[in-house]
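Trainee: Below: one structure in structure tokens.
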Amino acid sequence: MQRPHKAYPVELAQFHSADYVEFLHRITPSTEHLFPNELAKYNLGEDCPVFENLFEFCQIYAGGTIDAAHRLNNELCDIAINWAGGLHHAKKCEASGFCYINDLVLGILELLKHHARVLYIDIDVHHGDGVEEAFYFTNRVMTVSFHKYGDMFFPGTGDVKEIGEREGKFYAINVPLKDGIDDNSFTRLFKTIISKVVETYLPGAIVLQCGADSLAGDRLGCFNLSIDGHAECVRFVKKFNLPLLITGGGGYTKENVARCWAFETGVLLDMELPNEIPENDYIKFFEPDYSLKIPGGHIENLNSKSYLGTIKMNVLENLRYIQHAPSVQMQEVPPDFYLPDFDEDEQNPDERMDQHTQDKQIQRDDEYYDGDNDNDHNMEDM
């Protein structure tokens with residue numbers, strides 16, 4: 001396990017506008033009343049509130065996804081996980097759906113330095129609109145989102161007809177679902193579509209957003225997925241043996257989010273975890289049965305076989321328009337902003353590191369501002 005660096009403003013501005021990043025950097029709960037116009041412009045407030053240390057929060061989760069991409073690019077690992085990431089709604093110039101910085105887009109941009117094509121897959125109950133929008137006009141990223149659609153459900157986008165434009169036409173895939181989809185229907189559709197996508201698109205790397213609000217019993221969700229069903233999607237993607245970046249995402253029944261991502265970490269490590277949760281500081285949240293897995297739900301499944309068949313047919317038909325994977329002439333790879341420097345072979349995975357040891361694994365906040373060769377000293381001025 002590695003503690004990520006805090007992403008610098010210039011890194012966040014690889015996708016987001018510099019003025020938006022700068023505003024996030026300086027806004028605080030005590031000053032937000034002074035900037036009503038900017039709050040409206042950047043969609044802050046409502047479901048994207050300003051809170052203490054907001055910018056540091058963004059730096060940490062975005063830094064985790066950027067570092068994960070760096071490690072994959074440098075072949076330091078095959079699978080990199082950032083459960084704190086996956087904030088897929090954030091747009092270039094505004095926040096959305098409690099997403100402020102789109103770490104997924106930043107991670108994909110890093111992966112594109114080494115890979116001609118990157119596949120993005122999203123199993124959050126909400127449409128991955130921010131990631132789709134970022135790459136809607138390019139064929140170098142294919143986005144595939146499985147989500148609830150209709151009934152004014154947030155964010156209101158993700159119809160099967162949204163397929164990309166210009167060079168990106170047919171490279172955005174949306175699988176709009178109705179309430180109550182169960183493990184069997186979801187995983188069968190997922191495997192059929194993702195198999196064909198990988199076969200057709202031939203990605204060099206995959207990013208998988210594992211939002212846990214698609215689980216049964218989520219406070220904002222409306223699906224019937226068990227943890228086994230959700231994790232089966234993760235297990236299936238892992239089998240392609242491609243560089244894989246895993247993130248979290250939504251999830252509003254917190255004890256089930258913890259269960260899901262713990263179980264899926266086990267899946268990614270080829271470890272079978274016992275169903276009984278061991279004693280820990282948070283054990284009371286898992287009363288009364290203290291079990292790791294949760295079963296599927298009992299909401300009526302409104303996804304008929306004919307409806308799912310039509311969706312599948314539309315998606316597969318669109319994939320036929322991609323005759324072959326797009327070729328990209330790779331330029332000289334630009335340098336990474338940051339690459340952690342430590343020997344993970346010396347780490348004992350069963351030992352929890354103390355804070356001092358963790359701090360040694362990241363750069364101090366002032367280290368980038370020393371020396372004649374520093375190119376980052378004006379970074380804060382963005």
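Going through the structure tokens in order, the chains are called A, B, and so on, while each chain numbers its residues from 1 and the ligands are numbered from 1 in the order shown.
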Which neighbours of Lys148 in chain A fall inside 8 Å, counting only C-alpha atoms, when residues of the same chain fewer than 2 positions from it are skipped, and could you give them as a PyMOL selection string?
Mentor: chain A and resi 125-127+146+150+153+176-179+222
Trainee: Find the residues near range 268-272 of chain A: any atom within 9 Å, counting only C-alpha atoms, skip ones fewer than 5 places away on the same chain, and give them as a list in words.
Mentor: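 Once the adjacent positions are removed, what remains is Ile79, Val234, Arg235, Lys238 and Phe263 of chain A.
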Trainee: Taking only C-alpha atoms into account, which of A:Val50, A:Ala80, A:Val105, A:Leu208 comes nearest Phe15 in chain A?
Mentor: A:Val105
Trainee: Using only C-alpha atoms, which of A:Ser291, A:Asn275, A:Thr187, A:Ser145 sits nearest Gln209 in chain A?
Mentor: A:Ser145
Trainee: Pick the closest to Gly297 in chain A from A:Glu232, A:Tyr252, A:Ile181, A:Glu276: which is it, counting only C-alpha atoms?
Mentor: A:Ile181
